[in-house]
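Colleague: My structure is stored as input_21.txt, with compact mmCIF, C-alpha atoms.
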```txt
# COMPACT_ATOMS: atom_id res chain seq x y z
CA MET A 1 -74.90 115.09 3.06
CA ALA A 2 -75.45 117.52 0.22
CA THR A 3 -73.75 116.79 -3.09
CA GLU A 4 -73.82 118.20 -6.60
CA ALA A 5 -76.70 115.84 -7.24
CA ASP A 6 -78.27 116.27 -3.84
CA PRO A 7 -78.52 119.86 -2.58
CA GLY A 8 -80.53 118.74 0.42
CA GLU A 9 -84.13 119.55 -0.46
CA ALA A 10 -86.91 116.98 -0.05
CA ARG A 11 -87.71 115.16 -3.30
CA THR A 12 -89.85 112.34 -4.58
CA SER A 13 -88.23 109.88 -6.93
CA VAL A 14 -89.20 110.12 -10.58
CA TRP A 15 -89.88 106.37 -10.47
CA LEU A 16 -92.55 106.52 -7.77
CA GLY A 17 -96.27 106.49 -8.54
CA ALA A 18 -97.69 108.80 -11.16
CA ARG A 19 -94.33 110.55 -11.61
CA ALA A 20 -92.86 107.58 -13.47
CA GLY A 21 -94.19 108.89 -16.78
CA ALA A 22 -93.70 112.19 -18.57
CA PRO A 23 -95.94 114.97 -17.19
CA SER A 24 -99.28 114.04 -18.76
CA ARG A 25 -100.72 117.53 -18.44
CA ARG A 26 -98.10 118.72 -20.93
CA ARG A 27 -97.67 115.80 -23.26
CA SER A 28 -100.26 116.80 -25.82
CA GLU A 29 -98.76 120.29 -26.16
CA ALA A 30 -95.09 119.30 -26.08
CA PRO A 31 -92.71 120.65 -28.75
CA SER A 32 -92.14 118.32 -31.69
CA GLY A 33 -88.79 116.67 -32.25
CA LEU A 34 -88.20 115.82 -28.60
CA ASP A 35 -89.12 112.93 -26.38
CA ARG A 36 -88.02 111.70 -23.00
CA ASP A 37 -85.78 108.96 -24.37
CA ARG A 38 -83.92 111.37 -26.62
CA ILE A 39 -83.43 113.84 -23.78
CA THR A 40 -82.22 111.09 -21.45
CA ALA A 41 -79.75 109.77 -24.03
CA ALA A 42 -78.38 113.28 -24.58
CA THR A 43 -78.03 113.69 -20.82
CA VAL A 44 -75.94 110.50 -20.60
CA ARG A 45 -73.70 111.67 -23.45
CA LEU A 46 -73.22 115.08 -21.87
CA LEU A 47 -72.44 113.65 -18.45
CA ASP A 48 -69.91 111.29 -20.03
CA ALA A 49 -68.26 114.13 -21.92
CA GLU A 50 -68.26 116.90 -19.30
CA GLY A 51 -69.03 115.35 -15.93
CA LEU A 52 -71.68 115.95 -13.30
CA GLY A 53 -70.22 119.23 -12.04
CA ARG A 54 -70.72 121.01 -15.37
CA PHE A 55 -74.15 119.58 -16.14
CA SER A 56 -77.07 121.99 -16.38
CA MET A 57 -80.43 122.11 -18.11
CA ARG A 58 -79.22 125.07 -20.18
CA ARG A 59 -76.16 123.15 -21.32
CA LEU A 60 -78.33 120.15 -22.22
CA ALA A 61 -80.78 122.34 -24.12
CA ALA A 62 -77.92 123.84 -26.13
CA GLU A 63 -76.71 120.33 -26.95
CA LEU A 64 -80.18 119.44 -28.25
CA GLY A 65 -80.69 122.75 -30.04
CA VAL A 66 -83.79 123.72 -28.02
CA THR A 67 -84.64 126.15 -25.26
CA ALA A 68 -84.15 125.09 -21.65
CA MET A 69 -87.87 125.50 -21.00
CA SER A 70 -88.62 122.92 -23.71
CA LEU A 71 -87.10 120.22 -21.51
CA TYR A 72 -89.66 120.81 -18.79
CA TRP A 73 -92.42 119.49 -21.02
CA TYR A 74 -90.85 116.07 -20.40
CA VAL A 75 -89.41 116.24 -16.88
CA ASP A 76 -90.40 118.27 -13.85
CA THR A 77 -86.90 118.86 -12.46
CA LYS A 78 -83.22 118.42 -13.20
CA HIS A 79 -83.18 115.73 -10.52
CA ASP A 80 -85.79 113.72 -12.41
CA LEU A 81 -83.58 113.83 -15.48
CA LEU A 82 -80.49 112.75 -13.54
CA GLU A 83 -82.43 109.79 -12.13
CA LEU A 84 -83.49 108.82 -15.64
CA ALA A 85 -79.90 109.09 -16.88
CA LEU A 86 -78.65 106.99 -13.96
CA ASP A 87 -81.00 104.13 -14.75
CA SER A 88 -80.29 104.42 -18.47
CA ALA A 89 -76.57 103.98 -17.81
CA LEU A 90 -77.22 101.01 -15.53
CA GLY A 91 -79.10 99.41 -18.40
CA GLN A 92 -75.87 99.23 -20.41
CA GLN A 93 -74.64 96.31 -18.29
CA ARG A 94 -75.67 93.01 -19.84
CA LEU A 95 -77.33 90.79 -17.28
CA PRO A 96 -77.48 86.99 -17.56
CA ALA A 97 -80.93 85.58 -18.24
CA GLY A 98 -79.94 82.39 -16.42
CA PRO A 99 -76.90 80.42 -15.27
CA PRO A 100 -74.58 79.40 -18.14
CA PRO A 101 -74.09 75.62 -18.35
CA GLY A 102 -71.24 74.42 -16.17
CA GLU A 103 -70.54 77.79 -14.55
CA GLY A 104 -70.85 78.03 -10.78
CA TRP A 105 -72.27 80.95 -8.88
CA PRO A 106 -68.85 82.31 -7.74
CA ALA A 107 -67.77 82.84 -11.36
CA ARG A 108 -71.13 84.40 -12.16
CA LEU A 109 -70.86 86.73 -9.17
CA ARG A 110 -67.36 87.79 -10.23
CA SER A 111 -68.71 88.53 -13.71
CA LEU A 112 -71.66 90.51 -12.37
CA ALA A 113 -69.52 92.54 -9.95
CA GLY A 114 -66.83 93.10 -12.56
CA GLY A 115 -69.41 94.35 -15.03
CA TYR A 116 -70.72 96.81 -12.48
CA ARG A 117 -67.21 98.03 -11.71
CA GLN A 118 -66.55 98.51 -15.42
CA LEU A 119 -69.78 100.48 -15.72
CA LEU A 120 -68.61 102.83 -12.97
CA ALA A 121 -65.29 103.27 -14.75
CA GLU A 122 -66.97 104.13 -18.06
CA HIS A 123 -69.47 106.51 -16.46
CA PRO A 124 -67.82 108.13 -13.40
CA TRP A 125 -70.91 110.25 -12.70
CA VAL A 126 -72.95 107.11 -11.99
CA ALA A 127 -71.14 106.64 -8.66
CA PRO A 128 -72.26 109.88 -6.96
CA LEU A 129 -75.75 109.65 -8.44
CA SER A 130 -76.21 106.07 -7.20
CA VAL A 131 -75.48 107.35 -3.69
CA ALA A 132 -77.62 110.49 -3.95
CA TYR A 133 -80.75 108.90 -5.44
CA PRO A 134 -82.86 105.89 -4.42
CA ASN A 135 -81.76 103.93 -7.50
CA ILE A 136 -85.08 102.13 -8.02
CA GLY A 137 -85.53 102.43 -11.78
CA PRO A 138 -86.30 99.41 -13.98
CA HIS A 139 -82.67 98.65 -14.83
CA ALA A 140 -81.62 98.92 -11.19
CA ARG A 141 -84.41 96.52 -10.27
CA ALA A 142 -83.34 94.16 -13.08
CA PHE A 143 -79.80 94.12 -11.67
CA ASP A 144 -81.16 93.35 -8.21
CA ALA A 145 -83.30 90.54 -9.64
CA ALA A 146 -80.27 89.06 -11.44
CA LEU A 147 -78.34 89.10 -8.16
CA HIS A 148 -81.27 87.43 -6.41
CA ARG A 149 -81.37 84.64 -9.02
CA LEU A 150 -77.63 84.15 -8.71
CA LEU A 151 -77.76 83.82 -4.93
CA GLU A 152 -80.47 81.19 -5.21
CA SER A 153 -77.69 78.91 -6.51
CA THR A 154 -75.60 79.26 -3.35
CA GLY A 155 -77.73 76.93 -1.25
CA LEU A 156 -78.49 79.68 1.24
CA VAL A 157 -82.09 80.15 2.28
CA ASP A 158 -84.24 82.68 4.11
CA ALA A 159 -82.31 85.09 6.34
CA ALA A 160 -78.91 83.77 5.23
CA ARG A 161 -79.66 84.42 1.57
CA THR A 162 -81.06 87.84 2.44
CA GLY A 163 -77.86 88.56 4.35
CA ALA A 164 -75.72 87.51 1.39
CA HIS A 165 -77.77 89.73 -0.89
CA LEU A 166 -77.26 92.65 1.47
CA ALA A 167 -73.52 91.96 1.74
CA VAL A 168 -73.04 91.93 -2.04
CA SER A 169 -75.21 95.03 -2.48
CA GLN A 170 -73.23 96.89 0.17
CA PHE A 171 -69.95 95.78 -1.39
CA LEU A 172 -71.01 97.18 -4.76
CA GLY A 173 -72.45 100.27 -3.09
CA GLY A 174 -69.10 100.75 -1.40
CA CYS A 175 -67.49 100.67 -4.82
CA ALA A 176 -69.67 103.60 -5.82
CA LEU A 177 -69.19 105.50 -2.56
CA ASN A 178 -65.42 104.99 -2.36
CA GLY A 179 -64.74 105.46 -6.02
CA CYS A 180 -63.54 102.02 -7.08
CA GLY A 181 -65.07 102.81 -10.45
CA GLY A 182 -63.24 106.08 -10.86
CA ALA A 183 -65.17 108.76 -8.95
CA VAL A 184 -62.55 109.29 -6.25
CA ARG A 185 -59.83 106.73 -6.87
CA ARG A 186 -59.85 103.53 -8.82
CA ALA A 187 -58.72 100.58 -6.75
CA PRO A 188 -56.23 98.29 -8.53
CA GLU A 189 -57.79 95.27 -10.19
CA ALA A 190 -56.01 92.92 -7.79
CA GLU A 191 -57.34 94.83 -4.77
CA PHE A 192 -60.91 94.68 -6.06
CA ALA A 193 -60.58 90.96 -6.91
CA LEU A 194 -59.19 90.17 -3.45
CA ALA A 195 -62.05 91.97 -1.71
CA LEU A 196 -64.54 90.08 -3.86
CA ASP A 197 -62.78 86.78 -3.13
CA VAL A 198 -63.15 87.42 0.61
CA LEU A 199 -66.85 88.13 0.16
CA ILE A 200 -67.35 84.96 -1.91
CA ALA A 201 -65.42 82.89 0.63
CA GLY A 202 -67.75 84.11 3.36
CA ILE A 203 -70.83 83.14 1.36
CA GLU A 204 -69.32 79.73 0.58
CA ALA A 205 -68.55 79.13 4.26
CA LYS A 206 -72.08 80.07 5.26
CA ALA A 207 -73.53 77.84 2.54
CA ALA A 208 -71.38 74.89 3.71
CA HIS A 209 -72.55 75.44 7.28
CA THR A 210 -76.16 75.50 6.10
CA ALA A 211 -75.70 72.26 4.15
CA LYS A 212 -74.22 70.52 7.20
CA ALA A 213 -77.06 71.72 9.40
CA ARG A 214 -79.60 70.37 6.90
CA ALA A 215 -77.82 67.01 6.81
CA ARG A 216 -77.97 66.76 10.60
CA ASN A 217 -81.60 67.83 10.74
CA PRO A 218 -83.29 66.74 7.50
```
As structure tokens, what does this structure read like?
Modeller:
Amino acid sequence: MATEADPGEARTSVWLGARAGAPSRRRSEAPSGLDRDRITAATVRLLDAEGLGRFSMRRLAAELGVTAMSLYWYVDTKHDLLELALDSALGQQRLPAGPPPGEGWPARLRSLAGGYRQLLAEHPWVAPLSVAYPNIGPHARAFDAALHRLLESTGLVDAARTGAHLAVSQFLGGCALNGCGGAVRRAPEAEFALALDVLIAGIEAKAAHTAKARARNP
């Protein structure tokens, strides 16, 4: 389905292969005073202030005080820049380096999911972009790795752990798609918490079943 961020043409993600860096053929001749990080940060600020529907390369260039063509020394397309902004925003969520002492995985999962929901609320444009783009930048991968580490504490193994990972990812993806962070409608806190409780209860039940099966067949 075409969206403001996804008009329907075939694209390659900015994070894949040689495209992950700024266009090397231009880098040595690029205008001074700009770099990719500065452009990405300005994109995030502009999207926060005016929304995805009003975003354009010309508007961004005016914000930076440069010509629109100057931006293309650092990115090939507007879509590349939106992907960079998406991952930059995702990087604002603090991820745990490891399990805090005495805190079980359900509490950690509630914290991780709540942080993601808050991120969507603070940056409403992240929701449609996370659906339109592959979402495979370094901060997105770091979030996925943090979720993987968390689920290692559940006692689930192999396909069951993979299934739990998929269930949580789809739950959070549903938040983006259905607007629980603010893109379409923001679900009440109690509604979000209840849905998360149901998900956690399912993982706990599966983990208990796995533990019993191991005890019967050590």
Colleague: I'd like a table as JSON lines: residues in segment 79-173 of chain A with an atom no more than 10 Å from segment 188-201 of chain A, each row giving the shortest atom pair and its distance in Å to one decimal, only C-alpha atoms counted, sorted by chain and rising residue number.
Modeller:
```
{"residue": "A:Trp105", "atom": "CA", "partner": "A:Ile200", "partner_atom": "CA", "distance": 9.4}
{"residue": "A:Pro106", "atom": "CA", "partner": "A:Ile200", "partner_atom": "CA", "distance": 6.6}
{"residue": "A:Ala107", "atom": "CA", "partner": "A:Ile200", "partner_atom": "CA", "distance": 9.7}
{"residue": "A:Leu109", "atom": "CA", "partner": "A:Ile200", "partner_atom": "CA", "distance": 8.3}
{"residue": "A:Arg110", "atom": "CA", "partner": "A:Leu196", "partner_atom": "CA", "distance": 7.3}
{"residue": "A:Ala113", "atom": "CA", "partner": "A:Leu196", "partner_atom": "CA", "distance": 8.2}
{"residue": "A:Gly114", "atom": "CA", "partner": "A:Ala193", "partner_atom": "CA", "distance": 8.7}
{"residue": "A:Arg117", "atom": "CA", "partner": "A:Phe192", "partner_atom": "CA", "distance": 9.1}
{"residue": "A:Ala164", "atom": "CA", "partner": "A:Leu199", "partner_atom": "CA", "distance": 9.0}
{"residue": "A:Ala167", "atom": "CA", "partner": "A:Leu199", "partner_atom": "CA", "distance": 7.9}
{"residue": "A:Val168", "atom": "CA", "partner": "A:Leu199", "partner_atom": "CA", "distance": 7.6}
{"residue": "A:Phe171", "atom": "CA", "partner": "A:Leu196", "partner_atom": "CA", "distance": 8.2}
{"residue": "A:Leu172", "atom": "CA", "partner": "A:Leu196", "partner_atom": "CA", "distance": 9.6}
```
Colleague: Neighbouring residues of segment 205-209 of chain A were defined as those with any atom within 6 Å, considering only C-alpha atoms; residues of the same chain fewer than 3 positions away were excluded. Please report them as a list in words.
Modeller: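 Once the nearby chain positions are removed, what remains is Gly155, Leu156, Gly202 and Lys212 of chain A.
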Colleague: Using all atoms listed in the file, find all polymer residues with an atom at most 12 Å away from the point (-83.2, 109.6, -22.3); report them as an NGL selection string.
Modeller: :A and (22 or 34-46 or 60 or 64 or 71 or 74-75 or 80-89 or 91)
Colleague: I'd like the interatomic distance between atom CA of Leu129 of chain A and atom CA of Ser111 of chain A, to a tenth of an Å.
Modeller: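 Spanning atom CA of Leu129 of chain A to atom CA of Ser111 of chain A is a straight-line distance of 22.9 Å.
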Colleague: Rank nothing, just name the residue among A:Arg108, A:Arg216, A:His123, A:Arg54 nearest to Leu147 of chain A, using only C-alpha atoms.
Modeller: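 Looking only at the distances to Leu147 of chain A, the closest residue turns out to be A:Arg108.
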Colleague: Take atom CA of Ala146 of chain A and atom CA of Leu47 of chain A and report the distance between them in Å, one decimal.
Modeller: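 About the pair atom CA of Ala146 of chain A and atom CA of Leu47 of chain A: they are 26.7 Å apart.
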Colleague: Interatomic distance between atom CA of Lys78 of chain A and atom CA of Ser56 of chain A?
Modeller: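 We find that atom CA of Lys78 of chain A and atom CA of Ser56 of chain A lie 7.8 Å from each other.
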Colleague: May I ask which of the residues A:Val14, A:Ala159, A:Gly33, A:Ser153 is the closest one to Gly104 of chain A, counting all atoms listed in the file?
Modeller: A:Ser153
Colleague: So which one's closest to Glu63 of chain A, A:Asn135, A:Glu50, A:Pro101, A:Asp76? Using only C-alpha atoms, please.
Modeller: A:Glu50
Colleague: Using all atoms listed in the file, which residue out of A:Leu90, A:Trp73, A:Pro100, A:Ala213 lies closest to Ile136 of chain A?
Modeller: A:Leu90
